[in-house]
Amino acid sequence: MRLSTFLTTALSMATIALGHTQSINDFSCTPQNGTNPIVILHGLGATYYEDLNLLQAYLQKSGMCTYSATYGAYPGFPFVGGLKPLEESAPEIASFIREIQSKTGAEKVDIVGHSEGAMQSLYVPKFEEGISEIVHRIVAIAPPTHGTTFIGLYNLAYILGDASRELIGQVLNLVGCGACHDLGPDGPAVERLNDGKPIVQEGNEVTIIASKYDEMVVPTTTSFVNEDGVRNVYVQDFCPDDPVGHLGEAYDLNVWHLVRNALEDEWEREFPCVLGSPGR
């Protein structure tokens with residue numbers, strides 16, 4: 001596809017998303033195409049009104065009902081979410097999921113998460129009582145499932161061995177980013193999620209979407225869940241020329257199409273590939 005075609009298609013899709021004004025958390029919303037209410041989980045340091053906000057608009061334009069809230073923020077400072085340790089944020093998310101299921105009257109809900117939100121989309125159904133039973137589809141975009149070195153920064157944490165890694169964890173907790181500690185190699189949340197028992201719970205259908213050019217969640221294979229029934233895909237399996245990086249995955253039109261296909265169980269549906277935002 002020529003560059004001009006890439007850019008024209010990208011501009012057109014972005015206009016569709018930005019031009020859609022349906023509010024989030026609209027409990028009177030009726031989903032189309034047999035889809036469930038969709039809980040959207042933002043990434044580390046983000047909020048409900050950024051990170052996945054344009055993806056929400058795109059999904060709404062596609063006839064879906066989306067719901068989101070900022071989780072993991074500290075009292076008095078709601079502008080940065082996802083900072084608390086995952087085990088502290090997980091009950092917040094679980095409560096929100098229960099609220100969505102109750103107020104919409106839906107039998108099941110779906111979850112779409114990015115980065116830490118993608119990790120939580122796997123973590124919450126596994127550890128929060130009763131959540132896996134009301135969740136159907138999970139679409140996790142770039143989750144650090146097995147821990148990430150954060151562009152290699154965590155390699156420095158081991159410069160003096162495990163003791164220095166423990167010290168880094170204490171510092172991160174002290175400065176208020178328990179999630180940063182959780183998501184690094186050997187982080188508490190990573191070790192808990194990978195405790196030898198299945199990550200994916202019975203009745204949950206999981207799709208993992210990653211980019212080969214993700215510069216934050218590295219190595220990129222750390223995202224994948226190697227269990228029966230899990231669909232692990234790279235964006236480049238469908239759009240080989242897409243150079244999208246970690247942050248860009250939330251705004252990448254090719255990712256949006258893959259998310260929609262997963263939510264509608266339409267994996268064979270084709271879509272035009274466009275240029276993504278490079279991560280490097």
# chains A, B, ... in the order shown; residues from 1 in each chain; ligands from 1
>>> select_by_dssp(residues="stretch 46-203 of chain A", states="helix (DSSP H, G or I)", output="ChimeraX atom specification")
/A:53-61,86-104,116-127,132-134,153-157,162-174,178-183,188-193
>>> residues_around(residues="A:Gly147", least_positions_apart="4", cutoff="6 Å", atoms="only C-alpha atoms", output="ChimeraX atom specification")
/A:183-185,190
>>> write_last_selection(atoms="N, CA and C atoms", output="tab-separated table (two decimals), in the first residue's frame")
chain	number	residue	atom	x	y	z
A	183	LEU	N	5.84	-5.15	38.12
A	183	LEU	CA	5.89	-5.57	36.72
A	183	LEU	C	7.29	-5.86	36.22
A	184	GLY	N	8.29	-5.59	37.03
A	184	GLY	CA	9.66	-5.91	36.63
A	184	GLY	C	9.96	-7.39	36.79
A	185	PRO	N	11.11	-7.84	36.30
A	185	PRO	CA	11.48	-9.25	36.48
A	185	PRO	C	11.45	-9.64	37.95
A	190	VAL	N	4.17	-10.41	39.10
A	190	VAL	CA	4.60	-11.34	38.05
A	190	VAL	C	4.74	-12.74	38.61
>>> closest_residue(among="A:Asn232, A:Thr221, A:Thr145, A:Asn25", to="A:Ile208", atoms="only C-alpha atoms")
A:Asn232
>>> residues_around(residues="A:Thr220", least_positions_apart="4", cutoff="10 Å", atoms="only C-alpha atoms", output="JSON, numbers by chain")
{"A": [142, 143, 144, 148, 210, 211, 212, 213, 214, 215, 216, 224, 234, 246]}
>>> closest_residue(among="A:Lys84, A:Arg260, A:Arg269, A:His146", to="A:Asn33", atoms="only C-alpha atoms")
A:Arg260
>>> atom_distance(atom1="atom CA of A:Gly178", atom2="atom CA of A:Gly76")
17.4 Å
>>> atom_distance(atom1="atom CA of A:Pro85", atom2="atom CA of A:Val109")
24.3 Å
>>> residues_around(residues="stretch 38-52 of chain A", least_positions_apart="3", cutoff="6 Å", atoms="only C-alpha atoms", output="list in words")
Leu55, Thr66, Tyr67, Ser68, Ala69, Thr70, Val80, Gly81, Gly82, Val109, Asp110, Ile111, Val112, Gly113, His114, Ser115, Glu116, Gly117 and Ala250 of chain A
>>> write_last_selection(atoms="all heavy atoms", output="compact mmCIF listing (two decimals), in the first residue's frame")
# COMPACT_ATOMS: atom_id res chain seq x y z
N LEU A 55 -9.46 4.34 21.34
CA LEU A 55 -9.92 2.98 21.05
C LEU A 55 -11.36 2.83 21.53
O LEU A 55 -12.19 2.21 20.84
CB LEU A 55 -9.02 1.96 21.74
CG LEU A 55 -9.51 0.50 21.71
CD1 LEU A 55 -9.69 0.01 20.28
CD2 LEU A 55 -8.56 -0.41 22.47
N THR A 66 -18.83 0.71 26.02
CA THR A 66 -17.58 0.66 26.76
C THR A 66 -17.69 1.37 28.11
O THR A 66 -18.45 2.33 28.27
CB THR A 66 -16.44 1.32 25.96
OG1 THR A 66 -16.70 2.72 25.83
CG2 THR A 66 -16.32 0.69 24.58
N TYR A 67 -16.89 0.88 29.05
CA TYR A 67 -16.93 1.40 30.43
C TYR A 67 -15.51 1.48 30.95
O TYR A 67 -14.72 0.55 30.77
CB TYR A 67 -17.78 0.49 31.31
CG TYR A 67 -19.19 0.33 30.78
CD1 TYR A 67 -19.48 -0.64 29.81
CD2 TYR A 67 -20.21 1.18 31.20
CE1 TYR A 67 -20.76 -0.76 29.29
CE2 TYR A 67 -21.50 1.06 30.68
CZ TYR A 67 -21.76 0.09 29.72
OH TYR A 67 -23.02 -0.02 29.20
N SER A 68 -15.18 2.58 31.60
CA SER A 68 -13.81 2.71 32.10
C SER A 68 -13.76 3.59 33.33
O SER A 68 -14.65 4.41 33.58
CB SER A 68 -12.89 3.30 31.01
OG SER A 68 -13.34 4.60 30.63
N ALA A 69 -12.71 3.42 34.11
CA ALA A 69 -12.48 4.21 35.32
C ALA A 69 -10.98 4.20 35.59
O ALA A 69 -10.26 3.28 35.19
CB ALA A 69 -13.24 3.62 36.51
N THR A 70 -10.52 5.23 36.26
CA THR A 70 -9.11 5.28 36.66
C THR A 70 -8.92 4.40 37.90
O THR A 70 -9.66 4.53 38.88
CB THR A 70 -8.68 6.72 36.99
OG1 THR A 70 -8.85 7.53 35.82
CG2 THR A 70 -7.21 6.76 37.41
N VAL A 80 -2.92 10.60 37.79
CA VAL A 80 -1.99 9.53 37.38
C VAL A 80 -2.48 8.23 38.01
O VAL A 80 -2.45 8.08 39.24
CB VAL A 80 -0.54 9.82 37.82
CG1 VAL A 80 0.38 8.71 37.33
CG2 VAL A 80 -0.08 11.18 37.29
N GLY A 81 -2.93 7.30 37.19
CA GLY A 81 -3.43 6.03 37.69
C GLY A 81 -2.45 4.90 37.51
O GLY A 81 -1.38 5.05 36.91
N GLY A 82 -2.82 3.76 38.05
CA GLY A 82 -2.02 2.56 37.87
C GLY A 82 -0.73 2.52 38.64
O GLY A 82 0.16 1.73 38.32
N VAL A 109 -19.25 -9.86 30.77
CA VAL A 109 -18.57 -8.67 30.28
C VAL A 109 -17.25 -9.09 29.65
O VAL A 109 -16.72 -10.17 29.94
CB VAL A 109 -18.31 -7.64 31.41
CG1 VAL A 109 -19.60 -7.23 32.07
CG2 VAL A 109 -17.34 -8.20 32.44
N ASP A 110 -16.72 -8.24 28.78
CA ASP A 110 -15.41 -8.44 28.19
C ASP A 110 -14.45 -7.40 28.75
O ASP A 110 -14.87 -6.35 29.24
CB ASP A 110 -15.47 -8.31 26.67
CG ASP A 110 -16.33 -9.40 26.02
OD1 ASP A 110 -16.54 -10.45 26.65
OD2 ASP A 110 -16.78 -9.19 24.87
N ILE A 111 -13.16 -7.69 28.68
CA ILE A 111 -12.14 -6.76 29.15
C ILE A 111 -11.14 -6.50 28.04
O ILE A 111 -10.68 -7.43 27.38
CB ILE A 111 -11.38 -7.31 30.37
CG1 ILE A 111 -12.34 -7.70 31.50
CG2 ILE A 111 -10.38 -6.28 30.88
CD1 ILE A 111 -11.64 -8.34 32.70
N VAL A 112 -10.80 -5.23 27.85
CA VAL A 112 -9.71 -4.84 26.96
C VAL A 112 -8.74 -4.00 27.77
O VAL A 112 -9.13 -3.00 28.39
CB VAL A 112 -10.21 -4.02 25.75
CG1 VAL A 112 -9.02 -3.54 24.91
CG2 VAL A 112 -11.15 -4.85 24.89
N GLY A 113 -7.48 -4.40 27.82
CA GLY A 113 -6.49 -3.66 28.60
C GLY A 113 -5.22 -3.43 27.81
O GLY A 113 -4.90 -4.19 26.89
N HIS A 114 -4.49 -2.39 28.18
CA HIS A 114 -3.20 -2.07 27.56
C HIS A 114 -2.13 -1.99 28.63
O HIS A 114 -2.33 -1.38 29.68
CB HIS A 114 -3.30 -0.73 26.82
CG HIS A 114 -1.99 -0.25 26.26
ND1 HIS A 114 -1.50 1.01 26.52
CD2 HIS A 114 -1.08 -0.86 25.46
CE1 HIS A 114 -0.34 1.16 25.89
NE2 HIS A 114 -0.06 0.04 25.25
N SER A 115 -1.00 -2.64 28.39
CA SER A 115 0.15 -2.57 29.27
C SER A 115 -0.21 -3.08 30.67
O SER A 115 -0.61 -4.23 30.83
CB SER A 115 0.70 -1.14 29.29
OG SER A 115 1.97 -1.10 29.87
N GLU A 116 -0.10 -2.24 31.71
CA GLU A 116 -0.49 -2.71 33.04
C GLU A 116 -1.96 -3.13 33.05
O GLU A 116 -2.34 -4.10 33.72
CB GLU A 116 -0.27 -1.64 34.10
CG GLU A 116 -0.63 -2.11 35.50
CD GLU A 116 -0.69 -1.01 36.55
OE1 GLU A 116 -0.25 0.12 36.27
OE2 GLU A 116 -1.19 -1.30 37.65
N GLY A 117 -2.80 -2.40 32.31
CA GLY A 117 -4.21 -2.76 32.23
C GLY A 117 -4.40 -4.13 31.61
O GLY A 117 -5.32 -4.88 31.98
N ALA A 250 -1.72 1.60 21.77
CA ALA A 250 -3.04 2.04 22.23
C ALA A 250 -3.76 2.86 21.17
O ALA A 250 -4.98 2.95 21.17
CB ALA A 250 -2.90 2.88 23.50
>>> residues_around(residues="A:Phe238", least_positions_apart="2", cutoff="9 Å", atoms="only C-alpha atoms", output="list in words")
Val233, Tyr234, Val235, Gln236, Pro240, Asn254, Leu258 and Cys273 of chain A
>>> write_last_selection(atoms="all heavy atoms", output="PDB file, in the first residue's frame")
ATOM      1  N   VAL A 233      -0.819 -13.197  19.243  1.00  0.00           N
ATOM      2  CA  VAL A 233      -0.534 -12.665  17.918  1.00  0.00           C
ATOM      3  C   VAL A 233       0.346 -11.428  18.019  1.00  0.00           C
ATOM      4  O   VAL A 233       0.294 -10.681  18.996  1.00  0.00           O
ATOM      5  CB  VAL A 233      -1.826 -12.303  17.157  1.00  0.00           C
ATOM      6  CG1 VAL A 233      -2.727 -13.512  16.992  1.00  0.00           C
ATOM      7  CG2 VAL A 233      -2.583 -11.167  17.836  1.00  0.00           C
ATOM      8  N   TYR A 234       1.163 -11.250  16.993  1.00  0.00           N
ATOM      9  CA  TYR A 234       1.863  -9.987  16.781  1.00  0.00           C
ATOM     10  C   TYR A 234       1.064  -9.157  15.781  1.00  0.00           C
ATOM     11  O   TYR A 234       0.463  -9.704  14.854  1.00  0.00           O
ATOM     12  CB  TYR A 234       3.253 -10.236  16.202  1.00  0.00           C
ATOM     13  CG  TYR A 234       4.310 -10.631  17.215  1.00  0.00           C
ATOM     14  CD1 TYR A 234       4.938 -11.865  17.135  1.00  0.00           C
ATOM     15  CD2 TYR A 234       4.710  -9.736  18.218  1.00  0.00           C
ATOM     16  CE1 TYR A 234       5.926 -12.223  18.049  1.00  0.00           C
ATOM     17  CE2 TYR A 234       5.693 -10.096  19.130  1.00  0.00           C
ATOM     18  CZ  TYR A 234       6.305 -11.334  19.042  1.00  0.00           C
ATOM     19  OH  TYR A 234       7.274 -11.683  19.941  1.00  0.00           O
ATOM     20  N   VAL A 235       1.083  -7.852  15.966  1.00  0.00           N
ATOM     21  CA  VAL A 235       0.460  -6.964  14.984  1.00  0.00           C
ATOM     22  C   VAL A 235       1.040  -7.252  13.601  1.00  0.00           C
ATOM     23  O   VAL A 235       0.332  -7.256  12.598  1.00  0.00           O
ATOM     24  CB  VAL A 235       0.711  -5.487  15.356  1.00  0.00           C
ATOM     25  CG1 VAL A 235       0.045  -4.559  14.346  1.00  0.00           C
ATOM     26  CG2 VAL A 235       0.226  -5.190  16.757  1.00  0.00           C
ATOM     27  N   GLN A 236       2.339  -7.538  13.575  1.00  0.00           N
ATOM     28  CA  GLN A 236       3.033  -7.747  12.306  1.00  0.00           C
ATOM     29  C   GLN A 236       2.657  -9.065  11.616  1.00  0.00           C
ATOM     30  O   GLN A 236       2.993  -9.260  10.453  1.00  0.00           O
ATOM     31  CB  GLN A 236       4.548  -7.682  12.516  1.00  0.00           C
ATOM     32  CG  GLN A 236       5.065  -6.296  12.872  1.00  0.00           C
ATOM     33  CD  GLN A 236       4.795  -5.897  14.309  1.00  0.00           C
ATOM     34  OE1 GLN A 236       4.581  -6.754  15.176  1.00  0.00           O
ATOM     35  NE2 GLN A 236       4.830  -4.602  14.596  1.00  0.00           N
ATOM     36  N   PRO A 240       2.730  -6.534   8.336  1.00  0.00           N
ATOM     37  CA  PRO A 240       4.181  -6.689   8.510  1.00  0.00           C
ATOM     38  C   PRO A 240       4.956  -5.377   8.555  1.00  0.00           C
ATOM     39  O   PRO A 240       6.035  -5.329   9.158  1.00  0.00           O
ATOM     40  CB  PRO A 240       4.585  -7.520   7.278  1.00  0.00           C
ATOM     41  CG  PRO A 240       3.329  -8.215   6.855  1.00  0.00           C
ATOM     42  CD  PRO A 240       2.217  -7.280   7.172  1.00  0.00           C
ATOM     43  N   ASN A 254      -4.351  -0.609  13.360  1.00  0.00           N
ATOM     44  CA  ASN A 254      -4.287  -2.049  13.116  1.00  0.00           C
ATOM     45  C   ASN A 254      -4.608  -2.824  14.392  1.00  0.00           C
ATOM     46  O   ASN A 254      -5.314  -3.844  14.361  1.00  0.00           O
ATOM     47  CB  ASN A 254      -2.894  -2.437  12.599  1.00  0.00           C
ATOM     48  CG  ASN A 254      -2.520  -1.670  11.350  1.00  0.00           C
ATOM     49  OD1 ASN A 254      -3.342  -1.448  10.465  1.00  0.00           O
ATOM     50  ND2 ASN A 254      -1.267  -1.228  11.272  1.00  0.00           N
ATOM     51  N   LEU A 258      -7.744  -5.469  15.259  1.00  0.00           N
ATOM     52  CA  LEU A 258      -7.537  -6.782  15.870  1.00  0.00           C
ATOM     53  C   LEU A 258      -8.361  -6.925  17.146  1.00  0.00           C
ATOM     54  O   LEU A 258      -8.916  -8.001  17.416  1.00  0.00           O
ATOM     55  CB  LEU A 258      -6.049  -6.991  16.179  1.00  0.00           C
ATOM     56  CG  LEU A 258      -5.127  -7.122  14.959  1.00  0.00           C
ATOM     57  CD1 LEU A 258      -3.667  -7.160  15.396  1.00  0.00           C
ATOM     58  CD2 LEU A 258      -5.470  -8.371  14.150  1.00  0.00           C
ATOM     59  N   CYS A 273      -4.300  -2.242   6.336  1.00  0.00           N
ATOM     60  CA  CYS A 273      -3.185  -1.914   7.233  1.00  0.00           C
ATOM     61  C   CYS A 273      -2.762  -0.466   7.029  1.00  0.00           C
ATOM     62  O   CYS A 273      -2.750   0.039   5.912  1.00  0.00           O
ATOM     63  CB  CYS A 273      -2.004  -2.832   6.962  1.00  0.00           C
ATOM     64  SG  CYS A 273      -2.295  -4.564   7.436  1.00  0.00           S
TER      65      CYS A 273
END
>>> residues_around(residues="A:Ser89", least_positions_apart="5", cutoff="9 Å", atoms="only C-alpha atoms", output="ChimeraX atom specification")
/A:71-73,82-84,94,120
>>> write_last_selection(atoms="N, CA, C and O atoms", output="PDB file, in the first residue's frame")
ATOM      1  N   TYR A  71      -7.959   3.517  37.837  1.00  0.00           N
ATOM      2  CA  TYR A  71      -7.658   2.647  38.983  1.00  0.00           C
ATOM      3  C   TYR A  71      -6.226   2.903  39.443  1.00  0.00           C
ATOM      4  O   TYR A  71      -5.391   3.441  38.717  1.00  0.00           O
ATOM      5  N   GLY A  72      -5.941   2.512  40.656  1.00  0.00           N
ATOM      6  CA  GLY A  72      -4.567   2.565  41.157  1.00  0.00           C
ATOM      7  C   GLY A  72      -4.020   3.960  41.365  1.00  0.00           C
ATOM      8  O   GLY A  72      -2.795   4.144  41.402  1.00  0.00           O
ATOM      9  N   ALA A  73      -4.890   4.977  41.516  1.00  0.00           N
ATOM     10  CA  ALA A  73      -4.436   6.341  41.784  1.00  0.00           C
ATOM     11  C   ALA A  73      -4.446   6.591  43.298  1.00  0.00           C
ATOM     12  O   ALA A  73      -5.222   5.981  44.033  1.00  0.00           O
ATOM     13  N   GLY A  82      -2.815   3.761  38.050  1.00  0.00           N
ATOM     14  CA  GLY A  82      -2.022   2.556  37.870  1.00  0.00           C
ATOM     15  C   GLY A  82      -0.727   2.523  38.642  1.00  0.00           C
ATOM     16  O   GLY A  82       0.156   1.728  38.319  1.00  0.00           O
ATOM     17  N   LEU A  83      -0.584   3.367  39.669  1.00  0.00           N
ATOM     18  CA  LEU A  83       0.675   3.420  40.418  1.00  0.00           C
ATOM     19  C   LEU A  83       0.730   2.438  41.584  1.00  0.00           C
ATOM     20  O   LEU A  83       1.800   1.965  41.947  1.00  0.00           O
ATOM     21  N   LYS A  84      -0.404   2.143  42.162  1.00  0.00           N
ATOM     22  CA  LYS A  84      -0.428   1.257  43.328  1.00  0.00           C
ATOM     23  C   LYS A  84      -0.028  -0.166  42.937  1.00  0.00           C
ATOM     24  O   LYS A  84      -0.142  -0.567  41.784  1.00  0.00           O
ATOM     25  N   ALA A  94     -12.059  -5.127  40.182  1.00  0.00           N
ATOM     26  CA  ALA A  94     -13.077  -6.156  40.364  1.00  0.00           C
ATOM     27  C   ALA A  94     -14.417  -5.534  40.731  1.00  0.00           C
ATOM     28  O   ALA A  94     -15.473  -5.930  40.214  1.00  0.00           O
ATOM     29  N   GLN A 120      -3.552  -6.562  34.274  1.00  0.00           N
ATOM     30  CA  GLN A 120      -4.672  -6.657  35.208  1.00  0.00           C
ATOM     31  C   GLN A 120      -5.838  -7.456  34.618  1.00  0.00           C
ATOM     32  O   GLN A 120      -6.582  -8.104  35.360  1.00  0.00           O
TER      33      GLN A 120
END
>>> select_by_dssp(residues="stretch 21-159 of chain A", states="strand (DSSP E)", output="MDAnalysis selection string")
chainID A and resid 38:41 66:68 109:114 135:141
>>> atom_distance(atom1="atom CA of A:Ala90", atom2="atom CA of A:Asp186")
18.9 Å
